[in-house]
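K.L.:
What follows is coords_21.csv; its format and atoms are CSV, C-alpha atoms and all ligand atoms.
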```
chain,number,residue,atom,x,y,z
A,1,MET,CA,46.5,-32.9,-0.5
A,2,GLN,CA,43.6,-30.7,0.7
A,3,ARG,CA,44.3,-27.1,1.6
A,4,ILE,CA,42.6,-25.5,4.6
A,5,MET,CA,42.6,-21.8,5.2
A,6,VAL,CA,42.2,-20.8,8.8
A,7,VAL,CA,41.0,-17.2,9.4
A,8,VAL,CA,41.8,-15.4,12.6
A,9,GLY,CA,41.1,-11.8,13.5
A,10,THR,CA,41.0,-11.3,17.3
A,11,ARG,CA,42.8,-12.5,20.4
A,12,PRO,CA,40.2,-15.1,21.4
A,13,GLU,CA,40.1,-16.5,17.9
A,14,ALA,CA,43.8,-16.9,17.8
A,15,ILE,CA,43.8,-18.6,21.3
A,16,LYS,CA,41.2,-21.0,20.2
A,17,LEU,CA,42.4,-21.7,16.7
A,18,CYS,CA,46.2,-22.0,17.2
A,19,PRO,CA,46.0,-25.4,18.9
A,20,LEU,CA,44.0,-26.6,15.9
A,21,VAL,CA,46.6,-25.1,13.5
A,22,GLN,CA,49.4,-26.9,15.4
A,23,GLU,CA,47.4,-30.2,15.3
A,24,LEU,CA,46.7,-30.0,11.6
A,25,LYS,CA,50.3,-29.2,10.8
A,26,LYS,CA,51.4,-32.2,12.8
A,27,ARG,CA,49.3,-34.5,10.7
A,28,ARG,CA,50.8,-33.5,7.4
A,29,LYS,CA,47.8,-34.7,5.5
A,30,VAL,CA,46.5,-31.2,4.8
A,31,GLU,CA,48.2,-28.0,3.9
A,32,VAL,CA,47.3,-25.2,6.4
A,33,LEU,CA,47.2,-21.6,5.4
A,34,VAL,CA,46.6,-19.0,8.1
A,35,CYS,CA,44.9,-15.7,7.2
A,36,SER,CA,45.0,-12.9,9.8
A,37,THR,CA,42.4,-10.1,9.3
A,38,GLY,CA,44.2,-8.0,11.9
A,39,GLN,CA,40.8,-7.1,13.5
A,40,HIS,CA,42.6,-6.7,16.9
A,41,ARG,CA,46.1,-5.8,16.0
A,42,SER,CA,48.4,-6.1,19.0
A,43,MET,CA,46.3,-8.5,21.1
A,44,LEU,CA,46.0,-10.8,18.1
A,45,ASP,CA,49.7,-10.7,17.2
A,46,SER,CA,50.8,-11.5,20.8
A,47,ALA,CA,48.4,-14.5,21.0
A,48,LEU,CA,49.7,-15.9,17.6
A,49,ARG,CA,53.3,-15.4,18.9
A,50,ALA,CA,52.5,-17.4,22.0
A,51,PHE,CA,51.8,-20.4,19.8
A,52,ASP,CA,54.5,-19.6,17.3
A,53,VAL,CA,51.9,-19.4,14.5
A,54,HIS,CA,52.9,-17.0,11.6
A,55,PRO,CA,50.1,-16.0,9.3
A,56,ASP,CA,50.6,-16.5,5.6
A,57,PHE,CA,48.3,-13.5,4.8
A,58,ASP,CA,47.7,-10.4,6.7
A,59,LEU,CA,44.8,-8.1,5.7
A,60,ASP,CA,45.6,-5.5,8.4
A,61,CYS,CA,42.0,-4.4,8.6
A,62,MET,CA,42.1,-2.6,12.0
A,63,ARG,CA,41.5,1.2,11.9
A,64,THR,CA,40.7,3.4,14.9
A,65,GLY,CA,37.0,4.2,15.4
A,66,GLN,CA,36.0,1.9,12.5
A,67,ARG,CA,32.3,1.1,12.3
A,68,HIS,CA,31.1,-2.6,12.1
A,69,ALA,CA,29.9,-2.2,8.6
A,70,THR,CA,33.2,-0.7,7.4
A,71,LEU,CA,35.2,-3.4,9.1
A,72,SER,CA,32.9,-6.1,7.7
A,73,ALA,CA,33.3,-4.7,4.1
A,74,ARG,CA,37.1,-4.5,4.4
A,75,ILE,CA,37.4,-8.1,5.7
A,76,LEU,CA,34.9,-9.4,3.1
A,77,ARG,CA,36.8,-7.8,0.2
A,78,GLY,CA,40.2,-8.8,1.6
A,79,THR,CA,39.3,-12.5,2.3
A,80,ASP,CA,37.5,-12.7,-1.1
A,81,GLU,CA,40.7,-11.7,-2.9
A,82,ILE,CA,42.8,-14.2,-1.0
A,83,LEU,CA,40.2,-17.0,-1.5
A,84,ARG,CA,39.9,-16.3,-5.2
A,85,ALA,CA,43.7,-16.4,-5.6
A,86,GLU,CA,44.5,-19.4,-3.3
A,87,ASP,CA,41.3,-21.4,-3.9
A,88,PRO,CA,41.6,-23.5,-0.7
A,89,ASP,CA,39.4,-26.6,-0.3
A,90,LEU,CA,38.0,-25.5,3.1
A,91,VAL,CA,37.8,-22.4,5.2
A,92,LEU,CA,37.9,-22.7,9.0
A,93,VAL,CA,36.4,-19.9,11.1
A,94,GLN,CA,35.9,-19.8,14.9
A,95,GLY,CA,33.2,-18.3,17.1
A,96,ASP,CA,31.3,-15.1,16.4
A,97,THR,CA,33.5,-12.2,15.4
A,98,THR,CA,33.1,-9.8,12.4
A,99,SER,CA,36.2,-11.6,11.0
A,100,ALA,CA,34.5,-15.0,11.2
A,101,LEU,CA,31.3,-13.9,9.7
A,102,SER,CA,32.8,-11.8,6.9
A,103,ALA,CA,35.3,-14.6,5.9
A,104,SER,CA,32.4,-17.1,6.0
A,105,LEU,CA,30.4,-14.9,3.6
A,106,ALA,CA,33.4,-14.6,1.3
A,107,ALA,CA,33.9,-18.3,1.3
A,108,TYR,CA,30.2,-18.9,0.7
A,109,TYR,CA,30.1,-16.7,-2.3
A,110,ALA,CA,33.2,-18.4,-3.7
A,111,GLY,CA,31.6,-21.8,-3.3
A,112,ILE,CA,34.3,-22.9,-0.7
A,113,PRO,CA,33.0,-25.1,2.1
A,114,ILE,CA,33.2,-23.7,5.7
A,115,GLY,CA,34.0,-25.4,9.0
A,116,HIS,CA,32.8,-23.5,12.0
A,117,VAL,CA,34.7,-24.1,15.2
A,118,GLU,CA,32.8,-23.4,18.5
A,119,ALA,CA,29.5,-23.7,16.7
A,120,GLY,CA,26.1,-23.6,18.4
A,121,LEU,CA,26.6,-21.2,21.3
A,122,ARG,CA,23.4,-19.2,21.9
A,123,THR,CA,21.9,-16.9,24.4
A,124,HIS,CA,18.7,-17.0,22.3
A,125,ARG,CA,18.6,-13.2,22.4
A,126,ARG,CA,19.5,-11.8,19.1
A,127,ASP,CA,21.3,-8.7,20.4
A,128,GLU,CA,23.0,-10.2,23.5
A,129,PRO,CA,25.9,-10.3,23.1
A,130,TYR,CA,25.8,-7.7,20.3
A,131,PRO,CA,26.7,-8.4,17.5
A,132,GLU,CA,28.1,-11.8,18.3
A,133,GLU,CA,24.8,-13.7,18.7
A,134,MET,CA,23.7,-12.6,15.2
A,135,HIS,CA,27.2,-13.4,13.8
A,136,ARG,CA,27.2,-17.0,15.1
A,137,ARG,CA,23.6,-17.7,14.0
A,138,ALA,CA,24.5,-16.4,10.5
A,139,ILE,CA,27.7,-18.5,10.3
A,140,ALA,CA,25.5,-21.6,11.2
A,141,LEU,CA,23.6,-20.8,8.0
A,142,LEU,CA,26.7,-20.5,5.9
A,143,ALA,CA,28.8,-23.4,7.2
A,144,GLU,CA,28.9,-27.0,6.0
A,145,TYR,CA,30.6,-28.5,9.1
A,146,HIS,CA,29.8,-27.5,12.7
A,147,PHE,CA,32.3,-28.3,15.5
A,148,ALA,CA,30.1,-27.9,18.6
A,149,PRO,CA,31.9,-27.7,21.9
A,150,THR,CA,29.1,-29.3,24.0
A,151,VAL,CA,25.9,-31.3,23.8
A,152,THR,CA,24.0,-28.1,24.5
A,153,ALA,CA,25.6,-26.4,21.5
A,154,LYS,CA,24.7,-29.4,19.3
A,155,ARG,CA,21.1,-29.2,20.5
A,156,ASN,CA,20.9,-25.5,19.7
A,157,LEU,CA,22.1,-26.2,16.1
A,158,LEU,CA,19.6,-29.1,15.7
A,159,SER,CA,16.8,-26.8,16.9
A,160,GLU,CA,17.7,-24.4,14.1
A,161,GLY,CA,17.4,-27.1,11.5
A,162,VAL,CA,21.2,-27.9,11.0
A,163,ARG,CA,21.6,-31.5,9.7
A,164,GLU,CA,22.8,-33.9,12.5
A,165,GLU,CA,25.5,-35.5,10.2
A,166,SER,CA,27.2,-32.1,9.8
A,167,ILE,CA,27.6,-31.6,13.6
A,168,PHE,CA,30.6,-32.9,15.6
A,169,ILE,CA,30.8,-32.6,19.4
A,170,THR,CA,34.5,-31.9,20.1
A,171,GLY,CA,34.9,-29.9,23.3
A,172,ASN,CA,36.2,-26.4,23.2
A,173,THR,CA,39.7,-25.8,21.8
A,174,VAL,CA,40.2,-23.2,24.6
A,175,VAL,CA,40.9,-26.0,27.0
A,176,ASP,CA,43.6,-27.3,24.6
A,177,ALA,CA,45.1,-23.8,24.6
A,178,LEU,CA,45.0,-23.6,28.4
A,179,ARG,CA,46.8,-26.9,28.7
A,180,ILE,CA,49.5,-25.8,26.3
A,181,SER,CA,49.8,-22.4,28.0
A,182,LEU,CA,50.0,-23.7,31.6
A,183,GLY,CA,52.3,-26.5,30.5
A,184,LYS,CA,55.0,-24.0,29.6
A,185,SER,CA,57.3,-23.6,32.6
A,186,ASP,CA,58.7,-20.1,32.5
A,187,PRO,CA,59.3,-18.4,35.9
A,188,ARG,CA,59.3,-15.0,34.1
A,189,LEU,CA,55.6,-15.4,33.5
A,190,ASP,CA,54.7,-15.8,37.2
A,191,TRP,CA,53.2,-12.8,39.0
A,192,GLU,CA,54.7,-11.4,42.1
A,193,LEU,CA,51.5,-10.8,44.0
A,194,PRO,CA,51.2,-10.3,47.7
A,195,LYS,CA,51.2,-13.7,49.4
A,196,ASP,CA,49.0,-12.6,52.3
A,197,LYS,CA,46.2,-11.2,50.1
A,198,ARG,CA,43.5,-12.8,48.0
A,199,ILE,CA,43.5,-11.9,44.3
A,200,LEU,CA,40.3,-10.7,42.7
A,201,LEU,CA,40.7,-10.6,38.9
A,202,PHE,CA,38.4,-8.2,37.1
A,203,THR,CA,37.8,-7.8,33.4
A,204,ALA,CA,35.1,-6.1,31.4
A,205,HIS,CA,35.0,-5.3,27.7
A,206,ARG,CA,31.6,-6.3,26.1
A,207,ARG,CA,29.9,-3.8,23.9
A,208,GLU,CA,26.7,-4.1,25.9
A,209,SER,CA,28.6,-3.4,29.1
A,210,LEU,CA,29.7,0.0,27.9
A,211,GLY,CA,28.3,3.1,29.6
A,212,ALA,CA,26.2,2.7,32.8
A,213,PRO,CA,26.7,-1.1,33.2
A,214,VAL,CA,30.5,-0.9,33.3
A,215,ARG,CA,30.4,2.0,35.7
A,216,GLY,CA,28.1,-0.1,38.0
A,217,MET,CA,30.5,-3.0,37.8
A,218,LEU,CA,33.4,-0.8,38.8
A,219,ARG,CA,31.5,0.8,41.6
A,220,ALA,CA,30.6,-2.8,42.8
A,221,LEU,CA,34.3,-3.7,42.8
A,222,ARG,CA,35.1,-0.5,44.8
A,223,ARG,CA,32.5,-1.4,47.4
A,224,VAL,CA,33.8,-5.0,47.6
A,225,LEU,CA,37.4,-3.8,48.2
A,226,ALA,CA,36.3,-1.4,50.9
A,227,GLU,CA,34.7,-4.3,52.7
A,228,HIS,CA,37.4,-7.0,52.3
A,229,PRO,CA,40.8,-5.6,53.4
A,230,ASP,CA,42.6,-8.8,52.5
A,231,VAL,CA,41.6,-8.6,48.8
A,232,VAL,CA,43.7,-7.1,46.0
A,233,ALA,CA,42.0,-6.4,42.7
A,234,VAL,CA,44.0,-6.9,39.5
A,235,CYS,CA,42.2,-5.2,36.5
A,236,PRO,CA,43.7,-5.7,33.0
A,237,LEU,CA,42.2,-2.7,31.1
A,238,HIS,CA,40.8,-3.4,27.7
A,239,HIS,CA,41.9,-1.0,25.0
A,240,ASN,CA,38.5,0.6,24.7
A,241,PRO,CA,39.0,4.2,25.8
A,242,GLU,CA,35.5,4.3,27.5
A,243,ILE,CA,36.4,1.4,29.8
A,244,ARG,CA,39.8,2.9,30.5
A,245,SER,CA,38.4,6.3,31.5
A,246,ALA,CA,35.6,4.7,33.6
A,247,ALA,CA,38.1,2.5,35.4
A,248,THR,CA,40.5,5.3,36.2
A,249,SER,CA,37.9,7.7,37.3
A,250,ILE,CA,36.0,5.2,39.6
A,251,LEU,CA,39.0,3.3,41.0
A,252,TYR,CA,41.7,6.1,41.1
A,253,ASP,CA,41.6,6.3,45.0
A,254,ALA,CA,40.2,2.8,45.7
A,255,PRO,CA,42.3,0.8,48.0
A,256,ARG,CA,44.4,-2.2,46.7
A,257,VAL,CA,43.7,-1.9,43.0
A,258,ARG,CA,46.2,-2.6,40.2
A,259,LEU,CA,45.1,-1.3,36.9
A,260,ILE,CA,47.3,-3.0,34.3
A,261,GLU,CA,47.7,-3.3,30.5
A,262,PRO,CA,46.1,-6.5,29.2
A,263,PRO,CA,48.7,-9.3,29.8
A,264,GLU,CA,49.5,-11.5,26.9
A,265,MET,CA,47.9,-15.0,27.1
A,266,LEU,CA,50.6,-16.9,28.8
A,267,SER,CA,50.9,-14.4,31.6
A,268,PHE,CA,47.1,-14.0,31.8
A,269,HIS,CA,46.6,-17.7,32.3
A,270,ARG,CA,49.2,-17.6,35.2
A,271,LEU,CA,47.3,-14.6,36.7
A,272,MET,CA,44.0,-16.6,36.5
A,273,ALA,CA,45.7,-19.6,38.2
A,274,GLN,CA,46.7,-17.3,41.1
A,275,SER,CA,43.3,-15.7,41.5
A,276,TYR,CA,40.9,-16.4,44.3
A,277,LEU,CA,37.8,-15.1,42.5
A,278,ILE,CA,37.1,-13.7,39.0
A,279,MET,CA,34.6,-11.0,38.0
A,280,THR,CA,34.2,-10.9,34.2
A,281,ASP,CA,31.9,-10.3,31.2
A,282,SER,CA,34.2,-12.3,28.9
A,283,GLY,CA,33.2,-15.4,27.1
A,284,GLY,CA,36.5,-17.2,26.9
A,285,ILE,CA,37.4,-16.5,30.5
A,286,GLN,CA,34.2,-18.2,31.6
A,287,GLU,CA,35.3,-21.4,29.9
A,288,GLU,CA,38.9,-21.2,31.2
A,289,ALA,CA,37.7,-20.5,34.8
A,290,SER,CA,35.4,-23.5,34.6
A,291,ALA,CA,38.3,-25.7,33.4
A,292,MET,CA,40.5,-24.4,36.2
A,293,GLY,CA,37.8,-24.4,38.9
A,294,ILE,CA,38.1,-20.7,39.8
A,295,PRO,CA,34.9,-19.3,41.1
A,296,THR,CA,33.6,-16.7,38.8
A,297,VAL,CA,31.0,-13.9,38.9
A,298,VAL,CA,29.7,-13.4,35.4
A,299,MET,CA,28.7,-9.8,35.0
A,300,ARG,CA,26.1,-10.2,32.3
A,301,ARG,CA,22.3,-10.6,32.1
A,302,ASN,CA,22.7,-14.0,30.3
A,303,THR,CA,25.4,-16.3,29.1
A,304,GLU,CA,25.8,-18.8,26.3
A,305,ARG,CA,28.2,-20.7,28.6
A,306,CYS,CA,25.3,-22.2,30.7
A,307,GLU,CA,27.3,-25.4,31.1
A,308,GLY,CA,29.7,-23.6,33.5
A,309,ILE,CA,26.7,-22.4,35.5
A,310,ARG,CA,25.3,-25.9,35.7
A,311,ALA,CA,28.7,-27.2,36.7
A,312,GLY,CA,28.6,-24.7,39.6
A,313,VAL,CA,31.9,-22.8,38.9
A,314,LEU,CA,30.2,-19.8,37.3
A,315,ARG,CA,27.5,-17.6,38.9
A,316,LEU,CA,25.4,-15.2,36.8
A,317,ALA,CA,25.1,-11.9,38.6
A,318,GLY,CA,23.4,-9.8,36.0
A,319,SER,CA,24.9,-6.4,35.0
A,320,GLY,CA,23.6,-4.3,37.8
A,321,GLU,CA,25.8,-2.8,40.5
A,322,GLU,CA,23.8,-4.1,43.5
A,323,GLU,CA,23.6,-7.8,42.4
A,324,ILE,CA,27.3,-7.8,41.4
A,325,TYR,CA,28.3,-6.3,44.7
A,326,ARG,CA,26.2,-8.5,46.8
A,327,LEU,CA,27.2,-11.8,45.1
A,328,THR,CA,30.9,-11.0,45.0
A,329,SER,CA,31.0,-9.8,48.6
A,330,SER,CA,29.2,-12.9,49.8
A,331,LEU,CA,31.6,-15.2,47.9
A,332,LEU,CA,34.5,-13.3,49.5
A,333,THR,CA,33.2,-13.7,53.0
A,334,PRO,CA,35.7,-16.0,54.8
A,335,GLY,CA,34.3,-19.5,55.2
A,336,SER,CA,31.7,-19.0,52.5
A,337,GLU,CA,30.2,-22.5,51.7
A,338,GLU,CA,28.9,-21.2,48.4
A,339,TYR,CA,32.5,-20.3,47.4
A,340,ALA,CA,33.8,-23.7,48.5
A,341,ALA,CA,31.2,-25.5,46.4
A,342,MET,CA,32.2,-23.5,43.3
A,343,LYS,CA,35.9,-24.2,43.6
A,344,ARG,CA,36.0,-27.3,41.5
A,345,PRO,CA,37.5,-27.8,38.1
A,346,SER,CA,35.0,-29.0,35.5
A,347,ALA,CA,35.5,-30.6,32.1
A,348,VAL,CA,32.1,-29.3,30.8
A,349,PHE,CA,33.9,-27.3,28.1
A,350,GLY,CA,36.4,-30.0,27.1
A,351,ASP,CA,39.2,-32.3,28.0
A,352,GLY,CA,42.0,-30.6,26.1
A,353,ARG,CA,41.6,-32.9,23.0
A,354,ALA,CA,39.1,-30.8,21.0
A,355,SER,CA,41.7,-30.0,18.3
A,356,ALA,CA,42.5,-33.7,17.8
A,357,ARG,CA,38.8,-34.4,17.4
A,358,ILE,CA,38.3,-31.7,14.9
A,359,ALA,CA,41.4,-32.8,12.9
A,360,ASP,CA,40.1,-36.4,13.0
A,361,ALA,CA,36.7,-35.3,11.7
A,362,LEU,CA,38.3,-33.2,8.9
A,363,GLU,CA,40.5,-36.1,7.8
A,364,LYS,CA,37.4,-38.3,7.5
A,365,LEU,CA,35.4,-35.6,5.7
A,366,SER,CA,38.1,-34.8,3.1
A,367,PRO,CA,38.1,-34.4,0.2
A,368,PHE,CA,35.7,-31.5,0.8
A,369,PRO,CA,33.2,-31.2,-2.0
A,370,LYS,CA,32.8,-27.8,-3.6
A,371,ARG,CA,29.3,-26.4,-3.8
A,372,SER,CA,28.0,-27.0,-7.3
A,373,CYS,CA,25.7,-24.0,-7.3
A,374,VAL,CA,28.5,-21.6,-8.1
B,401,LIG,N1,43.0,-12.8,27.7
B,401,LIG,C1,44.3,-12.4,27.7
B,401,LIG,N2,44.7,-11.3,28.3
B,401,LIG,C2,43.8,-10.5,29.0
B,401,LIG,C3,42.4,-10.8,29.0
B,401,LIG,C4,42.0,-12.0,28.4
B,401,LIG,O1,45.1,-13.2,27.2
B,401,LIG,O2,44.1,-9.4,29.5
B,401,LIG,C5,42.6,-14.1,27.1
B,401,LIG,C6,41.8,-15.0,28.0
B,401,LIG,O3,42.6,-16.0,28.6
B,401,LIG,C7,40.8,-15.7,27.0
B,401,LIG,C8,40.6,-14.7,25.9
B,401,LIG,O4,41.7,-13.7,26.0
B,401,LIG,O5,41.4,-16.8,26.4
B,401,LIG,C9,39.3,-14.0,26.1
B,401,LIG,O6,39.2,-12.9,25.3
B,401,LIG,P1,38.1,-11.8,25.4
B,401,LIG,O7,37.7,-11.7,26.8
B,401,LIG,O8,38.7,-10.5,24.8
B,401,LIG,O9,37.0,-12.2,24.4
B,401,LIG,P2,35.7,-13.1,24.5
B,401,LIG,O10,36.1,-14.5,24.9
B,401,LIG,O11,34.8,-12.4,25.5
B,401,LIG,O12,35.2,-13.1,23.1
```
What's the structure tokens form of this structure?
Ligand code: UDP
P.N.:
Amino acid sequence: MQRIMVVVGTRPEAIKLCPLVQELKKRRKVEVLVCSTGQHRSMLDSALRAFDVHPDFDLDCMRTGQRHATLSARILRGTDEILRAEDPDLVLVQGDTTSALSASLAAYYAGIPIGHVEAGLRTHRRDEPYPEEMHRRAIALLAEYHFAPTVTAKRNLLSEGVREESIFITGNTVVDALRISLGKSDPRLDWELPKDKRILLFTAHRRESLGAPVRGMLRALRRVLAEHPDVVAVCPLHHNPEIRSAATSILYDAPRVRLIEPPEMLSFHRLMAQSYLIMTDSGGIQEEASAMGIPTVVMRRNTERCEGIRAGVLRLAGSGEEEIYRLTSSLLTPGSEEYAAMKRPSAVFGDGRASARIADALEKLSPFPKRSCV
């Protein structure tokens, strides 16, 4: 039996890897070990709990105010010790976090093959998003198997010289997670939101949004609210203190704003489902909004989720106050044809069977050869 170690560190990784952990466990052909780096402590734990996934190892790497280099070093050392002790046959990482890159590097040094879930996303700008674009490009160099969510992602990998036989188009496991989450019927998760108002969901957390851009986003939101009296904004506040203080100082006396703690995944998906429009700089929310058909203003200069733009559910506004305000306000104008055209669920990011496809591919690929160079 082959042993696969799945490494998770942040909320989005847990959301996107737990459906795969569940799928692999069902098949019983592999032994699955879950290693949490604890990069995002509370948000990670609540996402794992939602799927009833309990890590076998916990590196507990989160420290307040920790620099990237220190976090990377801590995760590299921690995963190296576990990999040397457990000697799994394959390591699975997801996406573009410090946890994913550091665990990949540790596996590479130990000669253990790596499977990369959500491989091939690119903005083609090295520092946007920072440092995620560099992380995912580096993981592509380290990984043996690349699970690309879309054709575009596969093309990106091919253009970087990745061998075609090592790339599998699977869809994004976030759609699997969304199905599992929305399939749970629990009335306690539903939000009591005013029935006579439209809900505008606002989230911002990207590193490159910090400072002037996030203040511009918040001012745009304030102007939108002043103009549309039937809109209530719900703003889950990321734990970053800079975002919290900008939000409270810019929105403290704005009308109809709810500043809330970040809801755990099950509640958050319910909140999305009740939203009329979303403003976000998040990656995963762009994919979920596309799957659900919720028109979304992407508050970034570029996106690696161009499939959602092409499908028409996402609109890229840039990160400047004026463009964000103008686009959001026009979409909220009653009878907006532009809005009506965006409100269409799309399967561009997957059909909810990505985990099954990855598990199928892994079954066919096993046993995983170790690298002989070590
Ligand atoms: N999410 C959540 N609660 C929140 C905000 C987001 O559960 O308050 C979920 C969301 O559904 C998505 C994921 O977290 O699956 C996105 O994470 P985030 O925006 O932190 O990271 P990114 O996707 O930008 O890397």
K.L.:
Output as JSON lines one row per residue of chain A within 6 Å of ligand LIG 401 (chain B): the closest atom pair and its distance in Å to one decimal place, counting all atoms listed in the file, sorted by chain and residue number ascending.
P.N.:
```
{"residue": "A:Arg11", "atom": "CA", "partner": "B:LIG401", "partner_atom": "O4", "distance": 5.8}
{"residue": "A:Pro12", "atom": "CA", "partner": "B:LIG401", "partner_atom": "C8", "distance": 4.5}
{"residue": "A:Ile15", "atom": "CA", "partner": "B:LIG401", "partner_atom": "O5", "distance": 5.9}
{"residue": "A:Pro236", "atom": "CA", "partner": "B:LIG401", "partner_atom": "O2", "distance": 5.1}
{"residue": "A:Pro262", "atom": "CA", "partner": "B:LIG401", "partner_atom": "O2", "distance": 3.5}
{"residue": "A:Pro263", "atom": "CA", "partner": "B:LIG401", "partner_atom": "O2", "distance": 4.6}
{"residue": "A:Glu264", "atom": "CA", "partner": "B:LIG401", "partner_atom": "O1", "distance": 4.7}
{"residue": "A:Met265", "atom": "CA", "partner": "B:LIG401", "partner_atom": "O1", "distance": 3.3}
{"residue": "A:Phe268", "atom": "CA", "partner": "B:LIG401", "partner_atom": "N2", "distance": 5.0}
{"residue": "A:His269", "atom": "CA", "partner": "B:LIG401", "partner_atom": "O3", "distance": 5.7}
{"residue": "A:Ser282", "atom": "CA", "partner": "B:LIG401", "partner_atom": "O11", "distance": 3.5}
{"residue": "A:Gly283", "atom": "CA", "partner": "B:LIG401", "partner_atom": "O10", "distance": 3.7}
{"residue": "A:Gly284", "atom": "CA", "partner": "B:LIG401", "partner_atom": "O10", "distance": 3.4}
{"residue": "A:Ile285", "atom": "CA", "partner": "B:LIG401", "partner_atom": "C7", "distance": 4.9}
```
K.L.:
For a quick check of understanding, using all atoms listed in the file, which of A:Thr152, A:Tyr252, A:Glu160, A:Ile4 has the smallest distance to Glu86 of chain A?
P.N.:
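When distances to Glu86 of chain A are compared using all atoms listed in the file, the smallest one comes from A:Ile4.
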K.L.:
Which residue is closest to Pro113 of chain A? Choose from A:Leu365, A:Val30, A:Gly293, A:Val313 and count all atoms listed in the file.
P.N.:
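So, comparing all the options, the nearest one is A:Leu365.
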K.L.:
So what do you get for atom CA of Val53 of chain A versus atom CA of Val91 of chain A, distance-wise?
P.N.:
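Interatomic distance here is 17.2 Å.
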K.L.:
Could you check which of A:Thr37, A:Ser185, A:Ser159, A:Asn240 is closest to Arg207 of chain A, using all atoms listed in the file?
P.N.:
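When distances to Arg207 of chain A are compared using all atoms listed in the file, the smallest one comes from A:Asn240.
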K.L.:
Write out as a PDB file with C-alpha atoms, in the frame of the given file the residues lying within 7 Å of Arg300 of chain A, counting all atoms listed in the file and excluding same-chain residues fewer than 6 positions away.
P.N.:
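Okay, result-v9.pdb is ready:
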```pdb
ATOM      1  CA  ASP A 281      31.900 -10.300  31.200  1.00  0.00           C
ATOM      2  CA  LEU A 316      25.400 -15.200  36.800  1.00  0.00           C
ATOM      3  CA  ALA A 317      25.100 -11.900  38.600  1.00  0.00           C
ATOM      4  CA  GLY A 318      23.400  -9.800  36.000  1.00  0.00           C
ATOM      5  CA  SER A 319      24.900  -6.400  35.000  1.00  0.00           C
TER       6      SER A 319
END
```
K.L.:
May I ask which of the residues A:Ala50, A:Ile243, A:Ala233, A:Ala103 is the closest one to Ile82 of chain A, counting only C-alpha atoms?
P.N.:
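Of A:Ala50, A:Ile243, A:Ala233, A:Ala103, the one nearest Ile82 of chain A is A:Ala103, counting only C-alpha atoms.
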K.L.:
Extract, using all atoms listed in the file, all DNA, RNA and protein residues at most 12 Å from Gly111 of chain A, discarding same-chain residues fewer than 6 positions from it, and format them as a CSV table (one decimal) with C-alpha atoms, in the coordinates of the input.
P.N.:
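Ended up saving to selection.csv:
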```csv
chain,number,residue,atom,x,y,z
A,80,ASP,CA,37.5,-12.7,-1.1
A,83,LEU,CA,40.2,-17.0,-1.5
A,84,ARG,CA,39.9,-16.3,-5.2
A,87,ASP,CA,41.3,-21.4,-3.9
A,88,PRO,CA,41.6,-23.5,-0.7
A,89,ASP,CA,39.4,-26.6,-0.3
A,90,LEU,CA,38.0,-25.5,3.1
A,91,VAL,CA,37.8,-22.4,5.2
A,104,SER,CA,32.4,-17.1,6.0
A,105,LEU,CA,30.4,-14.9,3.6
A,142,LEU,CA,26.7,-20.5,5.9
A,143,ALA,CA,28.8,-23.4,7.2
A,144,GLU,CA,28.9,-27.0,6.0
A,368,PHE,CA,35.7,-31.5,0.8
A,369,PRO,CA,33.2,-31.2,-2.0
A,370,LYS,CA,32.8,-27.8,-3.6
A,371,ARG,CA,29.3,-26.4,-3.8
A,372,SER,CA,28.0,-27.0,-7.3
A,373,CYS,CA,25.7,-24.0,-7.3
A,374,VAL,CA,28.5,-21.6,-8.1
```
K.L.:
Taking all atoms listed in the file into account, name the residue in A:Leu17, A:Ser209, A:Ala148, A:Gly312 that is nearest to Glu128 of chain A.
P.N.:
A:Ser209
K.L.:
Do a neighbour search on Glu288 of chain A at 8 Å with all atoms listed in the file, toss out local chain neighbours closer than 3 positions, and write the hits as a list of chain:residue names.
P.N.:
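Those residues are A:Val174, A:Val175, A:Leu178, A:Gly284, A:Ile285, A:Ala291, A:Met292.
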K.L.:
Can you measure atom CA of Ala212 of chain A to atom CA of Met279 of chain A for me? One decimal in Å is fine.
P.N.:
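About the pair atom CA of Ala212 of chain A and atom CA of Met279 of chain A: they are 16.9 Å apart.
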K.L.:
One decimal, in Å: what's the spacing between atom CA of Asn172 of chain A and atom CA of Glu118 of chain A?
P.N.:
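Those two atoms sit 6.5 Å apart.
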K.L.:
Counting all atoms listed in the file, which of A:Met1, A:Ile260, A:Val117, A:Ile309 gets nearest to Cys18 of chain A?
P.N.:
A:Val117
K.L.:
Give me the residues within 12 Å of Arg310 of chain A as a JSON list (two decimals) with C-alpha atoms, in the coordinates of the input, counting all atoms listed in the file and dropping any in the same chain fewer than 3 places off.
P.N.:
```json
[["chain", "number", "residue", "atom", "x", "y", "z"],
["A", 152, "THR", "CA", 24.00, -28.10, 24.50],
["A", 290, "SER", "CA", 35.40, -23.50, 34.60],
["A", 303, "THR", "CA", 25.40, -16.30, 29.10],
["A", 304, "GLU", "CA", 25.80, -18.80, 26.30],
["A", 305, "ARG", "CA", 28.20, -20.70, 28.60],
["A", 306, "CYS", "CA", 25.30, -22.20, 30.70],
["A", 307, "GLU", "CA", 27.30, -25.40, 31.10],
["A", 313, "VAL", "CA", 31.90, -22.80, 38.90],
["A", 314, "LEU", "CA", 30.20, -19.80, 37.30],
["A", 315, "ARG", "CA", 27.50, -17.60, 38.90],
["A", 316, "LEU", "CA", 25.40, -15.20, 36.80],
["A", 342, "MET", "CA", 32.20, -23.50, 43.30],
["A", 346, "SER", "CA", 35.00, -29.00, 35.50],
["A", 347, "ALA", "CA", 35.50, -30.60, 32.10],
["A", 348, "VAL", "CA", 32.10, -29.30, 30.80],
["A", 349, "PHE", "CA", 33.90, -27.30, 28.10]]
```
